[in-house]
>>> print(open('input-v4.txt').read())   # compact mmCIF, C-alpha atoms and all ligand atoms
# COMPACT_ATOMS: atom_id res chain seq x y z
CA MET A 27 14.94 35.11 -121.83
CA ARG A 28 14.14 35.08 -118.10
CA ALA A 29 13.06 31.82 -116.47
CA CYS A 30 9.30 31.36 -116.34
CA LEU A 31 7.43 30.66 -113.11
CA LEU A 32 7.03 26.94 -113.77
CA GLU A 33 10.76 26.49 -114.37
CA LYS A 34 12.09 28.87 -111.76
CA TYR A 35 10.12 27.41 -108.86
CA ARG A 36 9.71 23.88 -110.18
CA GLU A 37 10.91 22.21 -106.96
CA PHE A 38 8.17 23.96 -104.96
CA LEU A 39 5.35 23.19 -107.41
CA PRO A 40 3.24 20.06 -108.02
CA LEU A 41 4.77 19.43 -111.45
CA THR A 42 5.69 16.09 -113.04
CA PRO A 43 7.88 15.38 -116.07
CA GLU A 44 4.63 15.25 -118.06
CA THR A 45 3.44 18.75 -117.06
CA PRO A 46 3.75 21.04 -120.11
CA ILE A 47 5.81 24.16 -119.49
CA ILE A 48 3.71 27.13 -120.56
CA THR A 49 4.17 30.84 -119.98
CA LEU A 50 2.82 34.26 -120.90
CA GLY A 51 5.63 35.98 -118.98
CA GLU A 52 4.03 35.87 -115.53
CA ALA A 53 5.74 36.55 -112.17
CA ASP A 54 9.09 38.22 -111.38
CA THR A 55 7.16 41.42 -110.66
CA PRO A 56 8.80 44.58 -109.25
CA LEU A 57 9.09 45.32 -105.55
CA VAL A 58 9.22 49.11 -105.49
CA ARG A 59 10.46 51.08 -102.48
CA SER A 60 8.22 53.95 -101.49
CA LEU A 61 9.89 57.32 -101.87
CA ARG A 62 7.29 59.55 -100.26
CA LEU A 63 4.60 57.71 -98.33
CA GLU A 64 7.20 55.87 -96.28
CA LYS A 65 8.40 59.20 -94.88
CA GLU A 66 4.96 60.78 -94.63
CA LEU A 67 3.55 57.82 -92.73
CA GLY A 68 6.67 57.30 -90.61
CA ILE A 69 7.38 53.72 -91.66
CA GLY A 70 10.87 52.16 -91.44
CA GLU A 71 10.77 50.73 -94.95
CA LEU A 72 7.70 50.50 -97.20
CA TYR A 73 7.59 48.49 -100.43
CA PHE A 74 4.91 47.82 -103.02
CA LYS A 75 4.77 44.45 -104.79
CA LEU A 76 3.41 45.35 -108.22
CA GLU A 77 1.32 42.37 -109.24
CA GLY A 78 -0.39 44.49 -111.89
CA CYS A 79 2.78 43.91 -113.94
CA ASN A 80 1.70 40.34 -114.67
CA PRO A 81 0.60 39.62 -118.27
CA THR A 82 -3.12 40.08 -117.70
CA GLY A 83 -2.61 42.81 -115.10
CA SER A 84 -3.15 40.92 -111.84
CA PHE A 85 -1.63 38.31 -109.51
CA LYS A 86 -4.05 35.69 -110.83
CA ASP A 87 -1.60 34.76 -113.60
CA ARG A 88 0.79 33.14 -111.09
CA GLY A 89 -1.79 30.59 -110.06
CA MET A 90 -3.45 30.29 -113.44
CA VAL A 91 -0.27 29.18 -115.20
CA VAL A 92 0.04 26.25 -112.78
CA ALA A 93 -3.68 25.38 -112.89
CA VAL A 94 -3.77 25.45 -116.70
CA ALA A 95 -0.53 23.45 -117.08
CA LYS A 96 -2.00 20.79 -114.77
CA ALA A 97 -5.32 20.86 -116.66
CA LEU A 98 -3.42 20.23 -119.92
CA GLU A 99 -1.46 17.43 -118.29
CA ALA A 100 -4.74 15.81 -117.21
CA GLY A 101 -6.09 16.06 -120.78
CA SER A 102 -8.74 18.66 -119.98
CA ARG A 103 -10.31 20.55 -122.89
CA ALA A 104 -12.22 23.23 -120.99
CA LEU A 105 -11.85 25.59 -118.02
CA ILE A 106 -14.47 27.29 -115.89
CA CYS A 107 -14.44 29.92 -113.15
CA ALA A 108 -16.64 32.33 -111.29
CA SER A 109 -15.03 35.72 -111.09
CA THR A 110 -15.20 39.33 -110.03
CA GLY A 111 -13.12 39.90 -113.17
CA ASN A 112 -9.42 39.23 -112.79
CA THR A 113 -9.61 35.45 -112.54
CA SER A 114 -11.77 35.42 -115.67
CA ALA A 115 -9.29 37.61 -117.58
CA SER A 116 -6.43 35.34 -116.56
CA ALA A 117 -8.28 32.07 -117.28
CA ALA A 118 -9.38 33.45 -120.66
CA ALA A 119 -5.79 34.42 -121.57
CA TYR A 120 -4.14 31.13 -120.59
CA GLY A 121 -7.03 29.19 -122.11
CA ALA A 122 -6.58 31.05 -125.41
CA HIS A 123 -2.81 30.52 -125.25
CA CYS A 124 -3.29 26.77 -124.88
CA GLY A 125 -6.32 26.29 -127.15
CA LEU A 126 -8.78 25.45 -124.36
CA LYS A 127 -12.44 26.38 -124.17
CA VAL A 128 -13.07 28.83 -121.31
CA PHE A 129 -16.35 29.55 -119.51
CA VAL A 130 -16.57 32.39 -117.02
CA ILE A 131 -19.53 33.29 -114.82
CA VAL A 132 -19.52 36.87 -113.61
CA PRO A 133 -21.79 39.06 -111.47
CA GLY A 134 -23.68 41.25 -113.94
CA GLY A 135 -23.01 44.97 -113.59
CA TYR A 136 -20.11 44.57 -111.16
CA ILE A 137 -17.18 43.75 -113.43
CA ALA A 138 -14.67 46.50 -114.15
CA LEU A 139 -14.56 47.40 -117.82
CA GLY A 140 -10.94 46.39 -118.47
CA LYS A 141 -11.48 42.90 -117.07
CA LEU A 142 -14.60 42.28 -119.13
CA SER A 143 -12.83 43.56 -122.27
CA GLN A 144 -10.03 41.07 -121.65
CA ALA A 145 -12.27 38.01 -121.14
CA ILE A 146 -14.32 38.86 -124.22
CA THR A 147 -11.34 39.59 -126.47
CA PHE A 148 -9.50 36.43 -125.38
CA GLY A 149 -12.57 34.60 -126.65
CA ALA A 150 -14.04 33.19 -123.44
CA GLU A 151 -17.74 32.40 -123.13
CA VAL A 152 -18.77 35.09 -120.68
CA LEU A 153 -21.97 34.31 -118.77
CA SER A 154 -23.13 37.36 -116.86
CA ILE A 155 -25.66 36.48 -114.12
CA ASP A 156 -28.16 38.45 -112.14
CA GLY A 157 -26.41 37.63 -108.87
CA ASN A 158 -23.17 38.16 -106.99
CA PHE A 159 -19.82 36.32 -107.02
CA ASP A 160 -20.89 33.89 -104.30
CA LYS A 161 -23.89 32.80 -106.43
CA ALA A 162 -21.64 32.41 -109.46
CA LEU A 163 -19.17 30.26 -107.51
CA GLY A 164 -22.04 28.06 -106.30
CA MET A 165 -23.06 27.48 -109.93
CA VAL A 166 -19.52 26.64 -110.97
CA ARG A 167 -19.18 24.12 -108.14
CA ALA A 168 -22.40 22.41 -109.28
CA LEU A 169 -21.41 22.42 -112.97
CA ILE A 170 -18.04 20.72 -112.47
CA GLN A 171 -19.77 17.82 -110.70
CA LYS A 172 -21.70 17.12 -113.90
CA HIS A 173 -19.37 18.06 -116.76
CA PRO A 174 -15.74 17.40 -117.73
CA ILE A 175 -14.58 20.98 -117.15
CA THR A 176 -11.62 22.03 -114.98
CA LEU A 177 -12.38 24.49 -112.21
CA VAL A 178 -9.76 27.27 -112.09
CA ASN A 179 -10.98 29.28 -109.11
CA SER A 180 -8.63 29.19 -106.13
CA LEU A 181 -10.55 26.14 -104.87
CA ASN A 182 -8.25 24.50 -107.42
CA LEU A 183 -5.23 24.02 -105.17
CA HIS A 184 -2.80 24.43 -108.06
CA ARG A 185 -3.79 28.11 -108.07
CA ILE A 186 -2.65 28.57 -104.48
CA GLU A 187 0.60 26.74 -105.26
CA GLY A 188 1.40 29.17 -108.07
CA GLN A 189 0.40 32.26 -106.11
CA LYS A 190 2.70 31.40 -103.18
CA THR A 191 5.69 32.21 -105.44
CA ALA A 192 5.09 35.93 -104.82
CA ALA A 193 6.23 35.38 -101.22
CA PHE A 194 9.38 33.66 -102.52
CA GLU A 195 10.14 36.66 -104.72
CA ILE A 196 9.73 39.11 -101.86
CA ILE A 197 12.18 37.10 -99.73
CA ASP A 198 14.64 36.82 -102.62
CA THR A 199 14.52 40.56 -103.28
CA LEU A 200 14.72 41.77 -99.67
CA GLY A 201 17.08 39.03 -98.54
CA ASP A 202 14.57 38.10 -95.83
CA ALA A 203 10.85 38.18 -95.12
CA PRO A 204 9.39 41.61 -94.23
CA ASP A 205 7.97 42.28 -90.76
CA TYR A 206 4.47 42.89 -92.12
CA LEU A 207 2.62 41.94 -95.29
CA PHE A 208 -0.51 43.99 -96.05
CA ILE A 209 -2.86 42.39 -98.57
CA PRO A 210 -6.46 42.79 -99.77
CA VAL A 211 -8.78 39.88 -98.99
CA GLY A 212 -11.70 38.78 -101.17
CA ASN A 213 -12.13 35.06 -101.71
CA ALA A 214 -9.07 34.72 -99.43
CA GLY A 215 -6.99 32.52 -101.74
CA ASN A 216 -4.14 35.00 -102.02
CA ILE A 217 -3.53 35.54 -98.31
CA THR A 218 -3.60 31.75 -97.94
CA ALA A 219 -1.07 31.41 -100.76
CA TYR A 220 1.33 34.07 -99.46
CA TRP A 221 1.32 32.52 -96.01
CA ARG A 222 2.10 29.11 -97.49
CA GLY A 223 4.98 30.69 -99.42
CA PHE A 224 6.42 32.39 -96.36
CA VAL A 225 6.17 29.16 -94.35
CA GLN A 226 7.72 26.97 -97.05
CA TYR A 227 10.65 29.09 -98.19
CA GLN A 228 13.69 28.28 -96.12
CA LYS A 229 15.72 31.33 -97.18
CA ALA A 230 14.11 33.63 -94.61
CA SER A 231 15.00 33.96 -90.92
CA LYS A 232 11.48 35.02 -89.92
CA ARG A 233 7.88 35.21 -91.12
CA PRO A 234 5.82 38.36 -91.56
CA ARG A 235 2.68 39.24 -89.66
CA MET A 236 -0.11 38.80 -92.20
CA MET A 237 -2.37 41.86 -92.36
CA GLY A 238 -5.45 41.13 -94.50
CA PHE A 239 -8.00 43.80 -95.39
CA GLN A 240 -11.56 43.32 -96.59
CA ALA A 241 -13.88 46.08 -97.72
CA GLU A 242 -16.19 47.23 -94.92
CA GLY A 243 -19.37 46.30 -96.83
CA ALA A 244 -17.94 42.90 -97.80
CA ALA A 245 -16.17 41.79 -94.63
CA PRO A 246 -17.49 38.34 -93.68
CA ILE A 247 -14.25 37.23 -92.00
CA VAL A 248 -14.13 40.36 -89.85
CA ARG A 249 -17.82 40.04 -88.93
CA GLY A 250 -17.58 36.29 -88.37
CA GLY A 251 -20.48 35.45 -90.69
CA VAL A 252 -21.51 35.30 -94.34
CA VAL A 253 -22.53 38.66 -95.86
CA ALA A 254 -25.53 37.98 -98.11
CA GLU A 255 -25.37 41.26 -100.04
CA PRO A 256 -21.74 42.40 -100.13
CA LYS A 257 -21.26 46.01 -101.17
CA THR A 258 -18.10 47.93 -102.07
CA ILE A 259 -16.65 50.13 -104.76
CA ALA A 260 -13.74 47.65 -104.88
CA THR A 261 -15.64 45.15 -107.04
CA ALA A 262 -12.73 42.69 -107.11
CA ILE A 263 -13.29 41.93 -103.43
CA ARG A 264 -17.09 42.20 -103.39
CA ILE A 265 -17.43 38.74 -101.86
CA GLY A 266 -19.64 37.65 -98.96
CA ASN A 267 -18.62 34.02 -98.44
CA PRO A 268 -14.91 33.46 -99.19
CA ALA A 269 -13.91 29.98 -100.31
CA SER A 270 -10.57 30.09 -98.45
CA TRP A 271 -12.02 31.51 -95.22
CA GLN A 272 -10.18 28.93 -93.10
CA GLY A 273 -6.90 29.58 -94.91
CA ALA A 274 -7.19 33.28 -94.10
CA LEU A 275 -7.87 32.59 -90.42
CA ALA A 276 -4.89 30.24 -90.26
CA ALA A 277 -2.62 32.85 -91.90
CA ARG A 278 -3.81 35.45 -89.39
CA ASP A 279 -3.54 33.26 -86.31
CA GLU A 280 -0.27 31.49 -87.14
CA SER A 281 1.42 34.82 -87.96
CA SER A 282 -0.06 36.85 -85.07
CA GLY A 283 -1.60 38.97 -87.78
CA VAL A 284 -4.86 40.82 -88.31
CA ILE A 285 -7.86 40.61 -90.61
CA ASP A 286 -9.68 43.90 -90.56
CA CYS A 287 -11.69 46.03 -92.96
CA VAL A 288 -11.46 49.47 -94.57
CA SER A 289 -14.29 51.67 -95.81
CA ASP A 290 -14.77 52.60 -99.47
CA GLU A 291 -13.72 56.12 -98.53
CA GLU A 292 -10.47 54.83 -97.02
CA ILE A 293 -9.90 52.66 -100.09
CA LEU A 294 -10.39 55.61 -102.45
CA THR A 295 -8.10 57.85 -100.39
CA ALA A 296 -5.36 55.22 -100.51
CA TYR A 297 -6.02 54.62 -104.23
CA LYS A 298 -5.43 58.29 -104.99
CA LEU A 299 -2.43 58.60 -102.65
CA LEU A 300 -0.75 55.59 -104.23
CA ALA A 301 -1.11 57.15 -107.65
CA SER A 302 -0.35 60.77 -106.83
CA GLU A 303 2.43 60.24 -104.26
CA GLU A 304 4.14 57.18 -105.69
CA GLY A 305 3.18 56.97 -109.37
CA ILE A 306 1.58 53.57 -108.84
CA PHE A 307 -1.81 52.95 -110.43
CA GLY A 308 -3.46 50.05 -108.64
CA GLU A 309 -7.08 49.06 -108.94
CA PRO A 310 -9.35 50.02 -106.02
CA ALA A 311 -9.23 46.56 -104.37
CA SER A 312 -5.43 46.74 -104.44
CA ALA A 313 -5.50 49.99 -102.51
CA ALA A 314 -7.13 48.17 -99.58
CA SER A 315 -3.62 47.09 -98.55
CA LEU A 316 -2.33 50.67 -98.28
CA ALA A 317 -5.63 51.76 -96.70
CA GLY A 318 -4.96 49.04 -94.12
CA VAL A 319 -1.51 50.42 -93.38
CA ILE A 320 -2.93 53.92 -92.86
CA LYS A 321 -5.73 52.59 -90.63
CA MET A 322 -3.31 50.58 -88.50
CA ILE A 323 -0.96 53.53 -88.04
CA LYS A 324 -3.92 55.69 -86.94
CA GLY A 325 -4.78 52.87 -84.55
CA GLU A 326 -1.32 53.25 -83.01
CA LEU A 327 0.46 50.32 -84.63
CA LYS A 328 4.13 51.31 -84.50
CA LEU A 329 5.82 50.78 -87.85
CA SER A 330 8.67 53.29 -87.51
CA THR A 331 11.35 50.60 -87.53
CA ALA A 332 9.39 47.97 -89.46
CA ARG A 333 9.88 46.66 -92.96
CA VAL A 334 6.44 46.61 -94.58
CA VAL A 335 5.28 45.20 -97.92
CA CYS A 336 1.93 46.14 -99.47
CA VAL A 337 0.67 43.88 -102.24
CA ILE A 338 -0.77 45.87 -105.14
CA THR A 339 -2.79 43.02 -106.61
CA GLY A 340 -3.98 44.49 -109.93
CA THR A 341 -3.42 47.45 -112.23
CA GLY A 342 -5.63 50.52 -112.13
CA LEU A 343 -6.08 50.28 -115.91
CA LYS A 344 -8.57 47.50 -115.22
CA ASP A 345 -11.07 49.97 -113.87
CA PRO A 346 -10.99 53.29 -115.74
CA ASP A 347 -14.55 54.10 -114.61
CA THR A 348 -13.52 54.45 -110.97
CA ALA A 349 -10.55 56.61 -111.94
CA LEU A 350 -12.67 58.99 -113.98
CA LYS A 351 -15.68 59.06 -111.65
CA SER A 352 -13.73 60.87 -108.97
CA ALA A 353 -11.93 63.18 -111.42
CA PRO A 354 -13.12 66.66 -112.42
CA THR A 355 -14.40 66.92 -115.99
CA LEU A 356 -11.70 68.16 -118.33
CA ALA A 357 -12.01 71.71 -119.57
CA GLU A 358 -11.69 72.13 -123.33
CA PHE A 359 -9.20 74.77 -124.58
CA PRO A 360 -8.96 76.43 -127.96
CA ALA A 361 -6.06 75.07 -130.01
CA GLN A 362 -4.04 78.24 -129.42
CA LEU A 363 -0.62 78.33 -127.79
CA GLU A 364 -1.48 81.40 -125.66
CA ALA A 365 -4.56 79.81 -124.13
CA VAL A 366 -2.69 76.65 -123.11
CA GLU A 367 0.41 78.58 -122.01
CA GLU A 368 -1.63 80.85 -119.77
CA VAL A 369 -2.91 77.88 -117.78
CA ILE A 370 0.53 76.30 -117.51
CA VAL A 371 2.11 79.52 -116.30
CA SER A 372 -0.65 79.97 -113.68
CA LYS A 373 0.09 76.51 -112.28
CA LEU A 374 3.88 76.59 -112.34
N1 LIG B 401 -7.19 42.12 -105.53
C1 LIG B 401 -7.66 41.92 -106.76
C2 LIG B 401 -7.27 42.89 -107.82
C3 LIG B 401 -8.48 40.80 -107.04
O1 LIG B 401 -8.94 40.60 -108.27
C4 LIG B 401 -8.83 39.92 -105.99
C5 LIG B 401 -9.71 38.78 -106.24
C6 LIG B 401 -8.30 40.18 -104.72
C7 LIG B 401 -7.50 41.28 -104.53
C8 LIG B 401 -8.57 39.30 -103.57
O2 LIG B 401 -7.86 38.10 -103.66
O3 LIG B 401 -9.79 36.56 -103.65
O4 LIG B 401 -7.48 35.74 -103.31
O5 LIG B 401 -8.61 37.09 -101.55
N2 LIG B 401 -10.30 38.55 -107.33
C9 LIG B 401 -11.07 37.34 -107.64
C10 LIG B 401 -11.49 37.31 -109.09
C11 LIG B 401 -12.11 36.99 -106.67
O6 LIG B 401 -12.49 36.66 -109.42
O7 LIG B 401 -10.81 37.90 -109.91
P1 LIG B 401 -8.47 36.79 -103.00
>>> encode(input="input-v4.txt", output="structure tokens", more="lines below")
Ligand code: F0G
Amino acid sequence: MRACLLEKYREFLPLTPETPIITLGEADTPLVRSLRLEKELGIGELYFKLEGCNPTGSFKDRGMVVAVAKALEAGSRALICASTGNTSASAAAYGAHCGLKVFVIVPGGYIALGKLSQAITFGAEVLSIDGNFDKALGMVRALIQKHPITLVNSLNLHRIEGQKTAAFEIIDTLGDAPDYLFIPVGNAGNITAYWRGFVQYQKASKRPRMMGFQAEGAAPIVRGGVVAEPKTIATAIRIGNPASWQGALAARDESSGVIDCVSDEEILTAYKLLASEEGIFGEPASAASLAGVIKMIKGELKLSTARVVCVITGTGLKDPDTALKSAPTLAEFPAQLEAVEEVIVSKL
């Protein structure tokens, strides 16, 4: 059995001898070298870090396993989070695994189907509100002041500690840090975590430039102000007032990086390219990283000798609606060999 995250990176995590070691098989995700886009885009080396291969299908599991282990250590009986979907799926899974009560507050109508199915099936109390993620997070902050419930949003610093291990894995796999790390930005916990990981891990000779991408209609960090009504097809990053805003700015400034935004159209183009050119099905928010690469290259950023990593934060299976919305409706064929064969031959 492979070492779990809590054991493998114990020396870098806030664990004590009393912290229970729990795992659902998180971390140790693949870093896949691009076969086609690397050449088409003219990049030295391009890799995709497939965080959708975590047990609940997103990077959230890395941080959740630490946050939940620490909650158990502290004797907590209940967890709570606000979520655009993935955090709630992860909290619900680890809560179920450990016998904890889980409450999740989600923006009604803006949760991808797969994520909602997970939270419900894992047995969480799902409270869908008539408001966005930022409203939900405000409620959660107020509730934990009054009730003995552990907050497991990335405001819980144990989450960031767990998530930084993805940077360690990239360095271990490549033998050094890449030149650039492209990553989607929503509540900004993950870019904060990766930067912490790159700074802390002594096995690298350099640090990457951190390239964070928000969705154009939900880009408070780019605009320099809260967005009251964030809008984007990438519901995971539909956030107008990120909790780790300062962490994202620090990552950008300390790494000579960039925080920019990409349009929904650019996100969808990258989403389809990633699937059709590389065989990687990421959810729309995840494609913001590749959309960022394409935008930067168009903007004359020279990557022809660079080693670039794109973080694919969650699996495309989370959001089947988006996949099918942009697909043509399937034609129905008679169950006759000739009819099917005729089509195949015409497309060979
Ligand atoms: N990609 C995916 C698939 C996400 O679910 C999220 C955030 C992000 C990127 C952005 O990461 O917030 O650390 O900047 N999802 C949160 C949630 C907000 O509730 O699941 P971030």
>>> closest_residue(input="input-v4.txt", among="A:Ala192, A:Cys107, A:Val253, A:Leu374", to="ligand LIG 401 (chain B)", atoms="only C-alpha atoms and all ligand atoms")
A:Cys107
>>> closest_residue(input="input-v4.txt", among="A:Leu41, A:Ala230, A:Ala219, A:Ala168", to="Ala203 of chain A", atoms="only C-alpha atoms")
A:Ala230
>>> residues_near_ligand(input="input-v4.txt", ligand="ligand LIG 401 (chain B)", cutoff="9 Å", atoms="all atoms listed in the file", output="PyMOL selection string")
chain A and resi 77-78+83-86+107-116+132+141+159+179-180+186+209-219+238+240+260-265+268-270+274+308-314+337-342+344
>>> closest_residue(input="input-v4.txt", among="A:Leu207, A:Ile196, A:Ala244, A:Leu50", to="Lys229 of chain A", atoms="all atoms listed in the file")
A:Ile196
>>> atom_distance(input="input-v4.txt", atom1="atom CA of Phe239 of chain A", atom2="atom CA of Asp205 of chain A")
16.7 Å
>>> closest_residue(input="input-v4.txt", among="A:Tyr206, A:Trp271, A:Tyr136, A:Phe194", to="Lys257 of chain A", atoms="all atoms listed in the file")
A:Tyr136
>>> atom_distance(input="input-v4.txt", atom1="atom CA of Arg36 of chain A", atom2="atom CA of Ile170 of chain A")
28.0 Å
>>> closest_residue(input="input-v4.txt", among="A:Leu181, A:Val366, A:Val92, A:Lys298", to="Leu316 of chain A", atoms="all atoms listed in the file")
A:Lys298
>>> atom_distance(input="input-v4.txt", atom1="atom CA of Ile175 of chain A", atom2="atom CA of Val152 of chain A")
15.1 Å
>>> closest_residue(input="input-v4.txt", among="A:Ile259, A:Cys30, A:Met322, A:Ala100", to="Ile47 of chain A", atoms="all atoms listed in the file")
A:Cys30
>>> residues_near_point(input="input-v4.txt", point="(11.4, 23.5, -110.9)", cutoff="12 Å", atoms="only C-alpha atoms", output="ChimeraX atom specification")
/A:29-43,45,47,92,188,191
>>> write_last_selection(input="input-v4.txt", atoms="C-alpha atoms", output="tab-separated table (two decimals), in the coordinates of the input")
chain	number	residue	atom	x	y	z
A	29	ALA	CA	13.06	31.82	-116.47
A	30	CYS	CA	9.30	31.36	-116.34
A	31	LEU	CA	7.43	30.66	-113.11
A	32	LEU	CA	7.03	26.94	-113.77
A	33	GLU	CA	10.76	26.49	-114.37
A	34	LYS	CA	12.09	28.87	-111.76
A	35	TYR	CA	10.12	27.41	-108.86
A	36	ARG	CA	9.71	23.88	-110.18
A	37	GLU	CA	10.91	22.21	-106.96
A	38	PHE	CA	8.17	23.96	-104.96
A	39	LEU	CA	5.35	23.19	-107.41
A	40	PRO	CA	3.24	20.06	-108.02
A	41	LEU	CA	4.77	19.43	-111.45
A	42	THR	CA	5.69	16.09	-113.04
A	43	PRO	CA	7.88	15.38	-116.07
A	45	THR	CA	3.44	18.75	-117.06
A	47	ILE	CA	5.81	24.16	-119.49
A	92	VAL	CA	0.04	26.25	-112.78
A	188	GLY	CA	1.40	29.17	-108.07
A	191	THR	CA	5.69	32.21	-105.44
>>> residues_near_point(input="input-v4.txt", point="(-18.9, 36.0, -90.0)", cutoff="12 Å", atoms="all atoms listed in the file", output="PDB file with C-alpha atoms, keeping the file's coordinate frame")
ATOM      1  CA  ALA A 244     -17.940  42.900 -97.800  1.00  0.00           C
ATOM      2  CA  ALA A 245     -16.170  41.790 -94.630  1.00  0.00           C
ATOM      3  CA  PRO A 246     -17.490  38.340 -93.680  1.00  0.00           C
ATOM      4  CA  ILE A 247     -14.250  37.230 -92.000  1.00  0.00           C
ATOM      5  CA  VAL A 248     -14.130  40.360 -89.850  1.00  0.00           C
ATOM      6  CA  ARG A 249     -17.820  40.040 -88.930  1.00  0.00           C
ATOM      7  CA  GLY A 250     -17.580  36.290 -88.370  1.00  0.00           C
ATOM      8  CA  GLY A 251     -20.480  35.450 -90.690  1.00  0.00           C
ATOM      9  CA  VAL A 252     -21.510  35.300 -94.340  1.00  0.00           C
ATOM     10  CA  VAL A 253     -22.530  38.660 -95.860  1.00  0.00           C
ATOM     11  CA  ALA A 254     -25.530  37.980 -98.110  1.00  0.00           C
ATOM     12  CA  GLY A 266     -19.640  37.650 -98.960  1.00  0.00           C
ATOM     13  CA  ASN A 267     -18.620  34.020 -98.440  1.00  0.00           C
ATOM     14  CA  PRO A 268     -14.910  33.460 -99.190  1.00  0.00           C
ATOM     15  CA  TRP A 271     -12.020  31.510 -95.220  1.00  0.00           C
ATOM     16  CA  GLN A 272     -10.180  28.930 -93.100  1.00  0.00           C
ATOM     17  CA  LEU A 275      -7.870  32.590 -90.420  1.00  0.00           C
ATOM     18  CA  ILE A 285      -7.860  40.610 -90.610  1.00  0.00           C
TER      19      ILE A 285
END
>>> decode(input="input-v4.txt", residues="segment 66-79 of chain A", atoms="N, CA, C and O atoms", output="PDB file, in the first residue's frame")
ATOM      1  N   GLU A  66       1.960  22.065 -30.392  1.00  0.00           N
ATOM      2  CA  GLU A  66       1.105  23.035 -31.095  1.00  0.00           C
ATOM      3  C   GLU A  66       1.289  24.448 -30.555  1.00  0.00           C
ATOM      4  O   GLU A  66       1.234  25.426 -31.292  1.00  0.00           O
ATOM      5  N   LEU A  67       1.482  24.555 -29.245  1.00  0.00           N
ATOM      6  CA  LEU A  67       1.605  25.882 -28.638  1.00  0.00           C
ATOM      7  C   LEU A  67       3.054  26.369 -28.600  1.00  0.00           C
ATOM      8  O   LEU A  67       3.319  27.516 -28.259  1.00  0.00           O
ATOM      9  N   GLY A  68       3.991  25.472 -28.922  1.00  0.00           N
ATOM     10  CA  GLY A  68       5.398  25.877 -28.931  1.00  0.00           C
ATOM     11  C   GLY A  68       5.971  26.090 -27.531  1.00  0.00           C
ATOM     12  O   GLY A  68       6.667  27.070 -27.271  1.00  0.00           O
ATOM     13  N   ILE A  69       5.669  25.152 -26.641  1.00  0.00           N
ATOM     14  CA  ILE A  69       6.165  25.252 -25.255  1.00  0.00           C
ATOM     15  C   ILE A  69       7.302  24.243 -25.082  1.00  0.00           C
ATOM     16  O   ILE A  69       7.247  23.132 -25.610  1.00  0.00           O
ATOM     17  N   GLY A  70       8.338  24.613 -24.334  1.00  0.00           N
ATOM     18  CA  GLY A  70       9.460  23.702 -24.083  1.00  0.00           C
ATOM     19  C   GLY A  70       8.972  22.368 -23.554  1.00  0.00           C
ATOM     20  O   GLY A  70       9.106  21.326 -24.202  1.00  0.00           O
ATOM     21  N   GLU A  71       8.407  22.393 -22.369  1.00  0.00           N
ATOM     22  CA  GLU A  71       7.786  21.197 -21.776  1.00  0.00           C
ATOM     23  C   GLU A  71       6.498  21.628 -21.100  1.00  0.00           C
ATOM     24  O   GLU A  71       6.490  22.605 -20.351  1.00  0.00           O
ATOM     25  N   LEU A  72       5.422  20.887 -21.354  1.00  0.00           N
ATOM     26  CA  LEU A  72       4.124  21.199 -20.734  1.00  0.00           C
ATOM     27  C   LEU A  72       3.602  19.955 -20.014  1.00  0.00           C
ATOM     28  O   LEU A  72       3.561  18.866 -20.597  1.00  0.00           O
ATOM     29  N   TYR A  73       3.235  20.132 -18.755  1.00  0.00           N
ATOM     30  CA  TYR A  73       2.715  19.023 -17.937  1.00  0.00           C
ATOM     31  C   TYR A  73       1.374  19.421 -17.335  1.00  0.00           C
ATOM     32  O   TYR A  73       1.127  20.593 -17.055  1.00  0.00           O
ATOM     33  N   PHE A  74       0.554  18.388 -17.086  1.00  0.00           N
ATOM     34  CA  PHE A  74      -0.726  18.602 -16.412  1.00  0.00           C
ATOM     35  C   PHE A  74      -0.730  17.829 -15.099  1.00  0.00           C
ATOM     36  O   PHE A  74      -0.475  16.611 -15.100  1.00  0.00           O
ATOM     37  N   LYS A  75      -0.999  18.516 -14.010  1.00  0.00           N
ATOM     38  CA  LYS A  75      -1.085  17.857 -12.697  1.00  0.00           C
ATOM     39  C   LYS A  75      -2.554  17.491 -12.495  1.00  0.00           C
ATOM     40  O   LYS A  75      -3.419  18.369 -12.337  1.00  0.00           O
ATOM     41  N   LEU A  76      -2.835  16.191 -12.508  1.00  0.00           N
ATOM     42  CA  LEU A  76      -4.231  15.733 -12.561  1.00  0.00           C
ATOM     43  C   LEU A  76      -4.837  15.563 -11.173  1.00  0.00           C
ATOM     44  O   LEU A  76      -4.932  14.454 -10.638  1.00  0.00           O
ATOM     45  N   GLU A  77      -5.293  16.664 -10.623  1.00  0.00           N
ATOM     46  CA  GLU A  77      -5.855  16.634  -9.273  1.00  0.00           C
ATOM     47  C   GLU A  77      -7.258  16.017  -9.233  1.00  0.00           C
ATOM     48  O   GLU A  77      -7.772  15.699  -8.164  1.00  0.00           O
ATOM     49  N   GLY A  78      -7.844  15.826 -10.409  1.00  0.00           N
ATOM     50  CA  GLY A  78      -9.127  15.121 -10.480  1.00  0.00           C
ATOM     51  C   GLY A  78      -8.986  13.652 -10.106  1.00  0.00           C
ATOM     52  O   GLY A  78      -9.990  12.958  -9.901  1.00  0.00           O
ATOM     53  N   CYS A  79      -7.742  13.171 -10.009  1.00  0.00           N
ATOM     54  CA  CYS A  79      -7.527  11.764  -9.629  1.00  0.00           C
ATOM     55  C   CYS A  79      -7.575  11.553  -8.118  1.00  0.00           C
ATOM     56  O   CYS A  79      -7.352  10.436  -7.651  1.00  0.00           O
TER      57      CYS A  79
END
